[in-house]
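Colleague: This is protein-v8.cif, which holds mmCIF, C-alpha atoms:
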```cif
data_target
#
loop_
_atom_site.label_atom_id
_atom_site.label_comp_id
_atom_site.auth_asym_id
_atom_site.auth_seq_id
_atom_site.Cartn_x
_atom_site.Cartn_y
_atom_site.Cartn_z
CA MET A 863 95.66 95.58 90.29
CA SER A 864 95.01 93.23 93.19
CA VAL A 865 92.58 92.53 96.02
CA VAL A 866 93.40 91.81 99.65
CA GLN A 867 91.38 88.92 101.07
CA ALA A 868 90.17 88.60 104.68
CA ASP A 869 93.21 86.51 105.65
CA GLY A 870 95.58 89.11 104.25
CA THR A 871 96.35 87.20 101.07
CA VAL A 872 96.94 89.44 98.06
CA ARG A 873 95.40 88.05 94.89
CA PRO A 874 96.03 89.57 91.46
CA LEU A 875 92.82 90.73 89.80
CA LYS A 876 93.02 90.00 86.09
CA ALA A 877 89.38 90.36 85.06
CA PHE A 878 86.35 92.16 86.47
CA SER A 879 82.88 90.69 86.99
CA LYS A 880 81.52 93.77 85.23
CA PRO A 881 83.13 96.73 83.46
CA VAL A 882 84.49 99.56 85.57
CA THR A 883 85.04 103.19 84.63
CA LEU A 884 88.66 104.16 84.08
CA ARG A 885 89.41 107.88 84.24
CA LEU A 886 92.64 109.43 82.97
CA ARG A 887 93.73 113.04 82.61
CA ALA A 888 95.50 114.44 79.59
CA ASP A 889 98.82 116.22 79.84
CA GLY A 890 97.90 119.88 79.65
CA ASN A 891 101.15 120.63 77.82
CA SER A 892 100.43 118.31 74.88
CA PRO A 893 99.74 120.26 71.67
CA GLN A 894 97.51 117.50 70.24
CA LYS A 895 94.23 116.09 71.49
CA PRO A 896 94.36 112.41 72.52
CA ASP A 897 92.37 109.87 70.51
CA GLY A 898 91.27 107.85 73.52
CA ILE A 899 92.23 105.29 76.12
CA TYR A 900 94.24 102.26 75.01
CA ALA A 901 95.16 98.99 76.66
CA ILE A 902 98.92 98.48 76.34
CA ALA A 903 99.97 94.84 76.00
CA GLU A 904 103.30 93.49 77.22
CA ASN A 905 104.58 93.44 73.63
CA GLY A 906 103.64 97.10 73.20
CA SER A 907 100.60 96.54 70.98
CA LEU A 908 97.62 98.82 71.55
CA GLU A 909 93.91 98.06 71.83
CA TYR A 910 91.45 100.95 71.63
CA MET A 911 89.12 100.89 74.64
CA GLY A 912 87.13 104.02 73.86
CA GLY A 913 87.24 107.42 75.40
CA THR A 914 84.76 110.11 76.34
CA GLN A 915 86.11 113.53 77.26
CA THR A 916 84.59 115.15 80.35
CA ASP A 917 85.49 118.09 82.57
CA SER A 918 87.32 115.72 84.91
CA GLY A 919 89.29 113.88 82.24
CA TRP A 920 88.78 111.03 79.79
CA THR A 921 86.77 107.93 80.70
CA ALA A 922 86.35 104.46 79.23
CA GLN A 923 84.78 101.21 80.37
CA VAL A 924 87.34 98.44 80.93
CA ASP A 925 86.80 94.81 81.91
CA ARG A 926 90.29 93.73 82.96
CA SER A 927 93.35 95.01 84.76
CA GLY A 928 96.52 95.97 82.95
CA ARG A 929 98.39 98.97 81.60
CA TYR A 930 96.31 101.75 80.08
CA GLY A 931 97.26 105.03 78.52
CA LEU A 932 95.55 108.14 77.18
CA LEU A 933 97.21 108.40 73.79
CA ARG A 934 97.33 110.12 70.45
CA TYR A 935 97.49 107.34 67.84
CA ASP A 936 98.79 108.60 64.50
CA LYS A 937 98.47 105.88 61.89
CA SER A 938 99.69 107.04 58.48
CA PHE A 939 99.13 105.55 55.05
CA ASP A 940 101.35 106.16 52.03
CA ASP A 941 98.38 106.96 49.79
CA VAL A 942 96.63 109.32 52.23
CA PRO A 943 98.79 112.45 52.52
CA ALA A 944 97.99 115.14 55.07
CA SER A 945 96.53 117.27 52.27
CA TYR A 946 93.97 114.60 51.28
CA TRP A 947 90.38 115.72 51.88
CA ALA A 948 89.52 112.73 54.12
CA HIS A 949 92.90 112.47 55.87
CA GLU A 950 91.69 113.37 59.37
CA ALA A 951 88.63 111.11 59.19
CA ILE A 952 90.77 108.17 58.03
CA ARG A 953 93.36 108.90 60.72
CA ARG A 954 90.69 109.02 63.45
CA MET A 955 88.99 105.84 62.29
CA ALA A 956 92.37 104.07 62.13
CA ALA A 957 93.18 105.36 65.62
CA ARG A 958 89.94 103.82 66.89
CA GLN A 959 90.86 100.61 65.06
CA ILE A 960 87.64 100.82 63.03
CA VAL A 961 89.38 100.92 59.63
CA GLN A 962 92.54 99.17 58.53
CA GLY A 963 94.88 99.47 55.62
CA PHE A 964 96.36 96.95 53.21
CA ASP A 965 99.83 95.52 53.81
CA GLY A 966 100.24 98.02 56.63
CA ALA A 967 101.16 100.90 54.32
CA SER A 968 98.28 101.71 51.97
CA PHE A 969 94.61 102.51 52.53
CA ALA A 970 93.26 102.52 48.94
CA PRO A 971 90.96 105.50 49.63
CA LYS A 972 89.38 105.47 46.16
CA ARG A 973 88.56 101.77 46.14
CA ASP A 974 84.85 100.89 45.94
CA VAL A 975 83.22 99.43 49.05
CA THR A 976 81.02 96.33 49.08
CA ARG A 977 77.87 95.88 51.12
CA ALA A 978 79.66 93.38 53.37
CA GLU A 979 82.57 95.75 53.95
CA PHE A 980 80.28 98.60 54.97
CA ALA A 981 78.26 96.32 57.24
CA ALA A 982 81.50 95.29 58.95
CA LEU A 983 82.58 98.94 59.25
CA ILE A 984 79.30 99.89 60.94
CA ALA A 985 79.48 96.87 63.26
CA ARG A 986 83.01 97.82 64.38
CA ALA A 987 82.10 101.49 64.82
CA LEU A 988 79.07 100.70 66.97
CA ASP A 989 80.67 97.68 68.68
CA LEU A 990 77.86 95.39 67.53
CA ASP A 991 77.80 91.63 67.92
CA SER A 992 75.24 88.89 67.45
CA ALA A 993 75.00 85.29 68.55
CA LYS A 994 72.12 84.60 66.21
CA PRO A 995 72.62 82.67 62.95
CA ASN A 996 72.79 84.66 59.75
CA PRO A 997 69.39 84.82 58.02
CA PHE A 998 70.81 85.14 54.49
CA ARG A 999 71.54 82.10 52.33
CA ASP A 1000 74.30 83.89 50.39
CA ILE A 1001 76.41 84.50 53.52
CA ASP A 1002 79.08 81.88 54.15
CA ALA A 1003 79.36 81.49 57.93
CA ARG A 1004 83.12 80.98 57.51
CA ARG A 1005 83.65 84.46 56.09
CA ALA A 1006 84.99 87.10 58.47
CA TYR A 1007 82.14 89.48 57.68
CA ALA A 1008 79.36 86.98 58.53
CA PRO A 1009 78.97 87.97 62.22
CA ALA A 1010 78.92 91.67 61.32
CA ILE A 1011 76.13 91.19 58.79
CA ALA A 1012 74.11 89.23 61.34
CA ALA A 1013 74.69 92.00 63.89
CA VAL A 1014 73.65 94.93 61.69
CA PHE A 1015 70.60 92.98 60.52
CA GLU A 1016 69.58 92.20 64.10
CA ALA A 1017 70.05 95.88 65.03
CA GLY A 1018 67.80 96.96 62.16
CA ILE A 1019 70.60 98.84 60.43
CA ALA A 1020 70.85 96.81 57.22
CA GLY A 1021 68.41 94.61 55.38
CA GLY A 1022 68.89 92.23 52.51
CA ARG A 1023 68.55 92.60 48.78
CA SER A 1024 65.66 90.17 49.15
CA ARG A 1025 64.10 88.24 52.02
CA ASP A 1026 66.94 85.71 52.13
CA THR A 1027 69.84 87.29 50.20
CA PHE A 1028 72.19 90.10 51.25
CA GLY A 1029 74.46 90.56 48.23
CA PRO A 1030 77.66 90.80 50.30
CA GLU A 1031 80.02 91.24 47.35
CA ASP A 1032 77.81 93.78 45.55
CA THR A 1033 79.21 97.29 45.53
CA LEU A 1034 77.51 99.67 47.94
CA SER A 1035 75.50 102.49 46.38
CA ARG A 1036 75.21 105.99 47.80
CA GLU A 1037 71.51 105.61 48.54
CA GLU A 1038 72.17 102.30 50.32
CA MET A 1039 74.82 103.99 52.45
CA ALA A 1040 72.39 106.78 53.35
CA VAL A 1041 69.80 104.27 54.57
CA MET A 1042 72.31 102.33 56.65
CA LEU A 1043 73.80 105.52 58.09
CA MET A 1044 70.43 106.85 59.22
CA ASN A 1045 69.42 103.48 60.67
CA ALA A 1046 72.73 103.48 62.56
CA TYR A 1047 72.07 107.05 63.71
CA ARG A 1048 68.68 106.10 65.15
CA PHE A 1049 70.14 102.98 66.75
CA ARG A 1050 72.99 104.82 68.50
CA ALA A 1051 71.26 108.12 69.27
CA GLY A 1052 67.94 106.55 70.24
CA ARG A 1053 66.04 109.21 68.35
CA GLU A 1054 65.19 110.57 64.93
CA ALA A 1055 67.38 113.30 63.48
CA SER A 1056 66.00 116.78 64.10
CA SER A 1057 66.15 117.41 60.35
CA ALA A 1058 64.06 114.34 59.48
CA GLY A 1059 61.25 115.08 57.05
CA LYS A 1060 62.97 118.02 55.34
CA ARG A 1061 63.42 117.17 51.66
CA ALA A 1062 66.95 117.53 50.29
CA ASP A 1063 67.41 119.97 47.41
CA PHE A 1064 69.50 117.79 45.08
CA LYS A 1065 68.69 118.24 41.39
CA ASP A 1066 68.37 114.47 40.98
CA VAL A 1067 66.45 113.81 44.21
CA ASP A 1068 63.63 112.24 42.18
CA ASP A 1069 66.10 109.59 40.97
CA VAL A 1070 66.51 108.33 44.53
CA GLY A 1071 64.52 105.16 45.23
CA LYS A 1072 61.38 105.80 47.23
CA TRP A 1073 62.68 103.44 49.91
CA ALA A 1074 65.75 105.68 50.37
CA GLN A 1075 64.42 109.21 49.85
CA GLU A 1076 63.81 110.00 53.51
CA SER A 1077 67.24 108.68 54.52
CA VAL A 1078 69.04 110.56 51.74
CA SER A 1079 67.40 113.82 52.80
CA ALA A 1080 68.10 113.19 56.49
CA ALA A 1081 71.75 112.22 55.86
CA LYS A 1082 72.28 115.37 53.81
CA ASN A 1083 70.52 117.67 56.28
CA LEU A 1084 72.41 116.12 59.19
CA GLY A 1085 75.74 116.61 57.40
CA LEU A 1086 76.60 112.92 57.12
CA MET A 1087 76.62 112.99 53.31
CA GLN A 1088 76.98 115.67 50.66
CA GLY A 1089 76.18 115.82 46.98
CA ARG A 1090 78.60 115.43 44.14
CA GLY A 1091 79.29 117.91 41.35
CA GLY A 1092 76.41 120.03 40.08
CA ASP A 1093 74.24 119.72 43.19
CA ARG A 1094 73.49 116.09 42.42
CA PHE A 1095 73.36 113.18 44.83
CA MET A 1096 73.96 110.40 42.28
CA PRO A 1097 72.08 107.76 44.31
CA GLN A 1098 73.21 104.73 42.30
CA ALA A 1099 76.89 105.71 42.23
CA THR A 1100 79.40 103.61 44.14
CA VAL A 1101 81.05 104.67 47.40
CA SER A 1102 84.79 104.81 48.11
CA ARG A 1103 86.65 103.75 51.25
CA ALA A 1104 87.47 107.40 51.95
CA GLU A 1105 83.80 108.36 51.73
CA THR A 1106 82.72 105.61 54.13
CA ALA A 1107 85.44 106.56 56.63
CA GLN A 1108 84.33 110.19 56.49
CA ALA A 1109 80.64 109.32 56.87
CA VAL A 1110 81.15 106.97 59.82
CA SER A 1111 83.47 109.47 61.52
CA LEU A 1112 80.73 112.09 61.24
CA LEU A 1113 78.13 109.58 62.46
CA LEU A 1114 80.13 108.93 65.63
CA ASP A 1115 80.54 112.67 66.21
CA LYS A 1116 76.81 113.31 65.75
CA THR A 1117 75.85 110.56 68.19
CA ALA A 1118 78.58 111.07 70.80
CA PRO A 1119 77.38 111.10 74.43
#
```
Please rewrite the model in this file as structure tokens.
Modeller:
Amino acid sequence: MSVVQADGTVRPLKAFSKPVTLRLRADGNSPQKPDGIYAIAENGSLEYMGGTQTDSGWTAQVDRSGRYGLLRYDKSFDDVPASYWAHEAIRRMAARQIVQGFDGASFAPKRDVTRAEFAALIARALDLDSAKPNPFRDIDARRAYAPAIAAVFEAGIAGGRSRDTFGPEDTLSREEMAVMLMNAYRFRAGREASSAGKRADFKDVDDVGKWAQESVSAAKNLGLMQGRGGDRFMPQATVSRAETAQAVSLLLDKTAP
């Protein structure tokens, strides 16, 4: 892309002063739905730019010139076969470059998730950033997850274990995930869920901490989370990488423009 100046000089335009809307149309003959619009680097690497489907095509906001494509991005992991219950959610989140695997080949879907890992997942999914210093004394500013924790705290999505501690390496519990999911829902949707206030019918709902009961019910009624065997929620149980990928995929669907 270039601009022609008053004297006729053609000057390449590498960056824009503000984002512009890029619109691309899908090939009507393709059997699979695209995942979104990607920037294509000279070395062939892809960067997910977003993508909203409209009647006139797919759109995304871009801030620089270059090659772009409307693509289906199929990232596969050796330990997530097509028959796995969360396969499509993991594939979609990998396509949006929100989740990553280990060593390029495995995803470890059953591995427990820490509070820091889930904070980073939410920050990537919602494209959150923060220039403010981290308010928690147990967060090392040199760690990769430090900016994400500052961002989700600033957005009101995640709080600490205490006034000045976050517990980044603590495993995430199901009730903690419910609270963060519903805070993220309100942040992105700009509204309360229509099902808010309706008490979930889990057999162990009284075992949910009072601070999380409303969020657990809302997450269940909204379809972001389900119970485990025997109609129980198991609020203190840990959460797997597959479960977080599924929940965040549903969150993005529920809050899509």
Colleague: Using only C-alpha atoms, determine which residues lie at most 9 Å from Arg1061 (chain A), disregarding the query and same-chain residues fewer than 6 positions distant; provide the list as an MDAnalysis selection string.
Modeller: chainID A and resid 1067 1075:1076 1078:1080 1083
Colleague: Counting only C-alpha atoms, which of A:Phe980, A:Phe1049, A:Tyr930, A:Tyr900 gets nearest to Ile1019 (chain A)?
Modeller: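 For Ile1019 (chain A), the nearest of the candidates is A:Phe1049.
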Colleague: Which residue gives the smallest distance to Gln959 (chain A) among A:Met911, A:Leu1034, A:Ala1012, A:Ala903, with only C-alpha atoms counted?
Modeller: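 Checking each of A:Met911, A:Leu1034, A:Ala1012, A:Ala903 against Gln959 (chain A), counting only C-alpha atoms, the winner is A:Met911.
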Colleague: Using the chain letters and numbers from the file, which residues does the PyMOL selection byres ((chain A and resi 1009) around 8) grab, as a PyMOL selection string?
Modeller: chain A and resi 991-993+996+1003+1006-1008+1010-1013
Colleague: Do you know which residues the PyMOL selection byres ((chain A and resi 932) around 7) returns on this file, as a PyMOL selection string?
Modeller: chain A and resi 886+888+896+898-900+931+933
Colleague: Since I can't run it myself right now, could you work out what the PyMOL selection byres ((chain A and resi 1026) around 10) selects here and report it as a count of residues only?
Modeller: 14
Colleague: What does the structure give for the distance between CA of Thr1100 (chain A) and CA of Asp1002 (chain A), in Å to one decimal?
Modeller: 23.9 Å
Colleague: Report, as AutoDock Vina command-line options, the axis-aligned box around all atoms of region 932-951 of chain A present in the file, extended by 8 Å on each side; give centre and edge lengths in Å to one decimal place.
Modeller:
```
--center_x 95.0 --center_y 111.4 --center_z 63.5 --size_x 28.7 --size_y 27.7 --size_z 43.4
```
Colleague: What is the CA of Gly1089 (chain A)-CA of Pro1119 (chain A) distance in Å, reported with one decimal?
Modeller: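 Straight-line distance from CA of Gly1089 (chain A) to CA of Pro1119 (chain A) works out to 27.9 Å.
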Colleague: Go ahead and compute the interatomic distance for CA of Ala1099 (chain A) and CA of Asp940 (chain A), in Å to one decimal.
Modeller: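 Value for the CA of Ala1099 (chain A)-CA of Asp940 (chain A) distance: 26.4 Å.
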Colleague: Please work out which residues fall within 9 Å of (94.2, 100.0, 46.7), coordinates as given in the file, with all atoms listed in the file counting, and return them as a ChimeraX atom specification.
Modeller: /A:941,963-964,968-973
Colleague: Kindly indicate which residue among A:Glu1031, A:Ala1017, A:Gln962, A:Arg1005 lies nearest to Ala978 (chain A), using only C-alpha atoms for the distances.
Modeller: A:Glu1031
Colleague: Quick one: of A:Phe1095, A:Met955, A:Gly1071, A:Leu1043, who's nearest to Lys1116 (chain A), counting only C-alpha atoms?
Modeller: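 The closest residue to Lys1116 (chain A) is A:Leu1043.
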Colleague: So that I can see what lies close to Gly1092 (chain A), please list as a count of residues only the residues with an atom at most 12 Å from it, counting only C-alpha atoms and leaving out residues fewer than 2 positions away in the same chain.
Modeller: 10
Colleague: Would you list the contacts of Ala957 (chain A) as an mmCIF file with C-alpha atoms, in the frame of the given file, taking every protein, DNA or RNA residue within 10 Å and counting all atoms listed in the file, but skipping same-chain residues closer than 6 positions in sequence?
Modeller:
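Saved file out.cif follows:
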```
data_model
loop_
_atom_site.group_PDB
_atom_site.id
_atom_site.type_symbol
_atom_site.label_atom_id
_atom_site.label_comp_id
_atom_site.auth_asym_id
_atom_site.auth_seq_id
_atom_site.Cartn_x
_atom_site.Cartn_y
_atom_site.Cartn_z
ATOM 1 C CA PRO A 896 94.360 112.410 72.520
ATOM 2 C CA ASP A 897 92.370 109.870 70.510
ATOM 3 C CA GLY A 898 91.270 107.850 73.520
ATOM 4 C CA TYR A 900 94.240 102.260 75.010
ATOM 5 C CA LEU A 908 97.620 98.820 71.550
ATOM 6 C CA GLU A 909 93.910 98.060 71.830
ATOM 7 C CA TYR A 910 91.450 100.950 71.630
ATOM 8 C CA LEU A 933 97.210 108.400 73.790
ATOM 9 C CA ARG A 934 97.330 110.120 70.450
ATOM 10 C CA TYR A 935 97.490 107.340 67.840
ATOM 11 C CA ASP A 936 98.790 108.600 64.500
ATOM 12 C CA LYS A 937 98.470 105.880 61.890
ATOM 13 C CA SER A 938 99.690 107.040 58.480
ATOM 14 C CA ALA A 951 88.630 111.110 59.190
#
```
Colleague: What lies within 8 Å of Gln923 (chain A) using all atoms listed in the file, ignoring chain neighbours under 4 positions off, as a VMD selection string?
Modeller: chain A and resid 881 to 884 911 to 912
Colleague: Please provide the set of residues having any atom within 8 Å of region 878-880 of chain A, restricted to only C-alpha atoms, with same-chain residues fewer than 6 positions apart removed, written as a list in words.
Modeller: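 The contact residues come out as Asp925, Arg926 and Ser927 of chain A.
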